[in-house]
Each structure stands twice: as structure tokens, then as C-alpha cells.
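> Pasting in a structure now, in C-alpha cells, and then I'll have a few things to ask.
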Amino acid sequence: MNETIKNLIERRSCRQFLKEVIKDEELQKILIAGTYAPSGMGRQSAVIIAIENQDVIKELSIQNAKIMGQASDPFYGASTVVAVLADKTIATHVEDGSLVLGNMMNAAYSLGIGSCWIHRAKETFETTVGKKLLAEWGLSDNYVGIGFCILGYPAKPYLPAKPRKKDYIRIIH
């Protein structure tokens with residue numbers, strides 16, 4: 001089977017990570033893959049913020065957990081958290097950012113790195129803490145959170161895929 005198709009079929013979300021920080025060259029490859037995601041009319045509305053600073057990760061985790069009404073770490077102890085934001089003045093900003101996240105998760109898997117999409121980025125960056133971080137990162141209020149991609153080396157093997165639902169694919173001739 002073609003290696004790309006194999007990676008797309010086999011990739012699973014990872015929620016248990018080793019403490020080791022991923023290598024910079026691996027992170028760079030994942031981030032670059034994100035920049036090559038398709039975007040509406042090639043506008044590239046998304047911005048990728050890779051965070052390895054544990055204090056910032058902890059603060060984002062606290063905000064994200066509050067939004068979901070829990071105290072547990074929604075980032076599952078991942079050593080790297082990538083925030084994907086997009087310019088809301090571009091009509092395809094949600095789709096653009098979603099494709100960036102998908103590209104990064106697939107690239108991570110191809111390199112042996114675990115990943116998972118963590119939701120509530122929109123709400124996280126609407127908080128006072130989130131707005132402060134956006135300002136620190138030089139991003140205007142036009143940028144909204146699309147999602148977080150957590151990254152790290154998997155602590156255990158991936159579970160097999162659930163069976164695909166019946167009638168998932170329909171071909172109309």
C-alpha cells in the first residue's frame with residue numbers, strides 16, 4: 001500500500017505521552033507540513049503557534065479545563081502544544097485552520113510522534129488569559145482559535161481503528 005495512504009488509515013489520536021520533548025527537527029517538519037495545508041483561495045488565513053514553554057502550556061491547560069468544567073489536563077501531559085488560530089475576516093478561516101491541524105497530525109504520525117486534536121481553542125482565546133497571550137504573540141483580535149494539536153512521543157501502542165460505519169461512502173453514477 002502507498003505509504004501516504006497507509007499513514008492516513010493507521011493514524012490514531014494519542015493521549016498518553018512520554019515526558020521527553022520531541023526533537024526540534026521533527027517539530028519543524030510537522031509545522032512545515034501544516035503550512036502546506038490547502039486554504040481557501042490560497043489565502044493562508046491560519047497562524048501556527050508552537051508552544052514548548054511549560055508555564056504557557058499549563059496556563060492554556062487550566063483555561064481549557066475550566067471551559068469544559070473539569071480540573072484534569074486536557075493536553076494529557078504532552079510536551080508540545082500547537083495552537084492553530086485563523087483570521088476570522090477570511091470566510092474559510094475555520095476550514096483553513098482545520099486542514100492545518102489535519103496536516104500536522106498526519107505528518108506527526110508519519111514521524112512516529114503521537115498527536116491529538118484538542119478542542120475549545122476558540123473559547124480559550126476568548127478568555128482574558130487567551131487575549132493576553134494573543135497580544136503577546138502580536139496577533140490582533142481578528143484571530144480566533146481553531147484547535148490545539150498536542151504532540152509527543154507515544155507512551156503505548158495505538159489502539160486499532162474502530163470499524164468504519166456502514167454506508168460511510170456513497171458513489172453516485
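Residues in the C-alpha cells are numbered from 1 in each chain, the chains being A, B, ... in the order shown, and ligands are numbered from 1 in the order shown.
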Among region 57-130 of chain A, which ones does DSSP assign to alpha helix (DSSP H) (computed from the backbone)? Answer as a ChimeraX atom specification.
/A:57-68,93-110,121-124,128-130
> Contacts of Thr35 (chain A) at 12 Å or less, counting only C-alpha atoms, minus same-chain residues fewer than 4 places along, as a compact mmCIF listing (two decimals) with N, CA and C atoms, in the first residue's frame?

```txt
# COMPACT_ATOMS: atom_id res chain seq x y z
N GLN A 28 9.83 20.88 13.46
CA GLN A 28 9.88 21.73 12.27
C GLN A 28 9.20 21.08 11.08
N LYS A 29 9.42 19.78 10.88
CA LYS A 29 8.78 19.07 9.77
C LYS A 29 7.26 19.07 9.92
N ILE A 30 6.80 18.86 11.14
CA ILE A 30 5.35 18.85 11.40
C ILE A 30 4.75 20.23 11.13
N LEU A 31 5.41 21.27 11.62
CA LEU A 31 4.92 22.63 11.43
C LEU A 31 4.92 23.03 9.96
N SER A 39 -5.80 25.98 1.56
CA SER A 39 -6.57 27.07 2.18
C SER A 39 -7.41 27.75 1.11
N GLY A 42 -6.03 30.10 -1.46
CA GLY A 42 -4.61 30.23 -1.15
C GLY A 42 -4.29 31.36 -0.19
N ARG A 43 -5.30 31.81 0.57
CA ARG A 43 -5.10 32.97 1.45
C ARG A 43 -4.30 32.68 2.71
N GLN A 44 -4.19 31.41 3.08
CA GLN A 44 -3.39 31.04 4.25
C GLN A 44 -3.81 31.84 5.48
N SER A 45 -5.07 31.74 5.84
CA SER A 45 -5.61 32.53 6.96
C SER A 45 -5.10 32.08 8.32
N ALA A 46 -4.55 30.88 8.40
CA ALA A 46 -4.15 30.32 9.70
C ALA A 46 -2.77 30.81 10.13
N VAL A 47 -2.57 30.76 11.44
CA VAL A 47 -1.28 31.02 12.08
C VAL A 47 -1.03 29.85 13.03
N ILE A 48 0.20 29.37 13.05
CA ILE A 48 0.59 28.24 13.88
C ILE A 48 1.50 28.74 14.99
N ILE A 49 1.12 28.46 16.24
CA ILE A 49 1.94 28.84 17.40
C ILE A 49 2.35 27.56 18.11
N VAL A 84 -3.54 26.50 16.74
CA VAL A 84 -3.82 26.97 15.39
C VAL A 84 -4.94 28.01 15.49
N ASP A 96 -9.71 26.39 6.84
CA ASP A 96 -8.27 26.53 6.66
C ASP A 96 -7.50 26.02 7.87
N GLY A 97 -7.91 26.47 9.06
CA GLY A 97 -7.23 26.03 10.28
C GLY A 97 -7.41 24.54 10.54
N SER A 98 -8.57 24.01 10.20
CA SER A 98 -8.83 22.58 10.39
C SER A 98 -7.92 21.74 9.50
N LEU A 99 -7.72 22.19 8.27
CA LEU A 99 -6.81 21.47 7.37
C LEU A 99 -5.37 21.53 7.86
N VAL A 100 -4.97 22.67 8.43
CA VAL A 100 -3.62 22.79 9.01
C VAL A 100 -3.45 21.75 10.12
N LEU A 101 -4.45 21.65 10.99
CA LEU A 101 -4.38 20.67 12.08
C LEU A 101 -4.29 19.25 11.54
N GLY A 102 -5.10 18.94 10.54
CA GLY A 102 -5.07 17.60 9.94
C GLY A 102 -3.71 17.28 9.33
N ASN A 103 -3.15 18.22 8.59
CA ASN A 103 -1.82 18.00 8.01
C ASN A 103 -0.78 17.73 9.10
N MET A 104 -0.82 18.51 10.17
CA MET A 104 0.18 18.33 11.23
C MET A 104 0.02 16.98 11.93
N ALA A 107 1.35 14.33 9.57
CA ALA A 107 2.81 14.43 9.49
C ALA A 107 3.44 13.86 10.76
```
> How close does region 8-108 of chain A get to region 130-136 of chain A? List, as JSON lines, each residue of region 8-108 of chain A within 9 Å, its nearest atom pair and the distance in Å to one decimal, counting only C-alpha atoms.

```
{"residue": "A:Val56", "atom": "CA", "partner": "A:Leu133", "partner_atom": "CA", "distance": 8.8}
{"residue": "A:Leu60", "atom": "CA", "partner": "A:Gly130", "partner_atom": "CA", "distance": 7.6}
{"residue": "A:Gln63", "atom": "CA", "partner": "A:Gly130", "partner_atom": "CA", "distance": 8.1}
```
> From the list A:Val94, A:Ala108, A:Leu85, A:Met41, which residue is nearest Phe148 (chain A) when using only C-alpha atoms?
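Of A:Val94, A:Ala108, A:Leu85, A:Met41, the one nearest Phe148 (chain A), counting only C-alpha atoms, is A:Leu85.
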> Which one is closest to Cys116 (chain A): A:Phe75, A:Tyr153, A:Trp137, A:Tyr143? Count only C-alpha atoms.
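Ranking A:Phe75, A:Tyr153, A:Trp137, A:Tyr143 by distance to Cys116 (chain A), first place goes to A:Phe75.
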> Could you tell me which of A:Arg15, A:Lys66, A:Lys6, A:Lys23 comes closest to Cys149 (chain A) if we count only C-alpha atoms?
A:Arg15
> Got a sec: who's within 6 Å of Phe17 (chain A), counting only C-alpha atoms, leaving out chain neighbours fewer than 4 positions off, as a ChimeraX atom specification?
/A:78,152-155
> Limited to N, CA and C atoms, could you put the picked residues into a file as a PDB file, in the first residue's frame?

```pdb
ATOM      1  N   ALA A  78       1.216  16.345  27.262  1.00  0.00           N
ATOM      2  CA  ALA A  78       2.047  16.435  26.056  1.00  0.00           C
ATOM      3  C   ALA A  78       3.130  17.493  26.247  1.00  0.00           C
ATOM      4  N   GLY A 152       3.774  14.588  21.111  1.00  0.00           N
ATOM      5  CA  GLY A 152       4.746  13.950  21.983  1.00  0.00           C
ATOM      6  C   GLY A 152       4.980  12.518  21.532  1.00  0.00           C
ATOM      7  N   TYR A 153       5.986  11.909  22.141  1.00  0.00           N
ATOM      8  CA  TYR A 153       6.248  10.512  21.821  1.00  0.00           C
ATOM      9  C   TYR A 153       5.233   9.640  22.548  1.00  0.00           C
ATOM     10  N   PRO A 154       4.576   8.728  21.812  1.00  0.00           N
ATOM     11  CA  PRO A 154       3.543   7.887  22.432  1.00  0.00           C
ATOM     12  C   PRO A 154       4.111   7.017  23.552  1.00  0.00           C
ATOM     13  N   ALA A 155       3.358   6.902  24.642  1.00  0.00           N
ATOM     14  CA  ALA A 155       3.774   6.082  25.777  1.00  0.00           C
ATOM     15  C   ALA A 155       3.329   4.627  25.619  1.00  0.00           C
TER      16      ALA A 155
END
```
> Go through A:Tyr109, A:Ala86, A:Asp55, A:Ala91 one by one, measure the shortest atom-to-atom distance of each to Glu3 (chain A) using only C-alpha atoms, and give the residue with the smallest value.
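The answer is A:Tyr109, which sits nearest to Glu3 (chain A).
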> Restricting the calculation to only C-alpha atoms: of A:Ser115, A:Asn64, A:Thr80, A:Thr89, which residue gets closest to Ala50 (chain A)?
A:Thr80
> DSSP says strand (DSSP E) for which residues of region 30-141 of chain A? Put them as a list in words?
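Residues of region 30-141 of chain A classed as strand (DSSP E): Ala46, Val47, Ile48, Ile49, Ala50, Ile51, Thr80, Val81, Val82, Ala83, Val84, Leu85, Ala86, Asp87, Gly114, Ser115, Cys116, Trp117 and Ile118 of chain A.
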> Could you write out that same residue set with C-alpha atoms as a tab-separated table (two decimals), in the first residue's frame?

```tsv
chain	number	residue	atom	x	y	z
A	46	ALA	CA	-4.15	30.32	9.70
A	47	VAL	CA	-1.28	31.02	12.08
A	48	ILE	CA	0.59	28.24	13.88
A	49	ILE	CA	1.94	28.84	17.40
A	50	ALA	CA	4.14	26.01	18.69
A	51	ILE	CA	4.45	26.09	22.48
A	80	THR	CA	4.39	20.36	22.94
A	81	VAL	CA	1.10	22.14	22.28
A	82	VAL	CA	0.47	23.75	18.92
A	83	ALA	CA	-2.27	26.36	18.78
A	84	VAL	CA	-3.82	26.97	15.39
A	85	LEU	CA	-5.59	30.28	15.00
A	86	ALA	CA	-7.06	31.89	11.91
A	87	ASP	CA	-8.12	35.31	10.72
A	114	GLY	CA	1.71	11.00	18.76
A	115	SER	CA	-0.85	13.75	18.31
A	116	CYS	CA	-4.40	14.63	19.19
A	117	TRP	CA	-6.76	17.48	18.28
A	118	ILE	CA	-7.89	19.25	21.44
```
> Rank nothing, just name the residue among A:Lys58, A:Arg170, A:Lys165, A:Lys122 nearest to Ala71 (chain A), using only C-alpha atoms.
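Among A:Lys58, A:Arg170, A:Lys165, A:Lys122, it is A:Lys58 that comes nearest to Ala71 (chain A).
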> Report the distance between CA of Leu139 (chain A) and CA of His93 (chain A) in Å, rounded to one decimal place.
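Computing it gives 14.9 Å between the two atoms.
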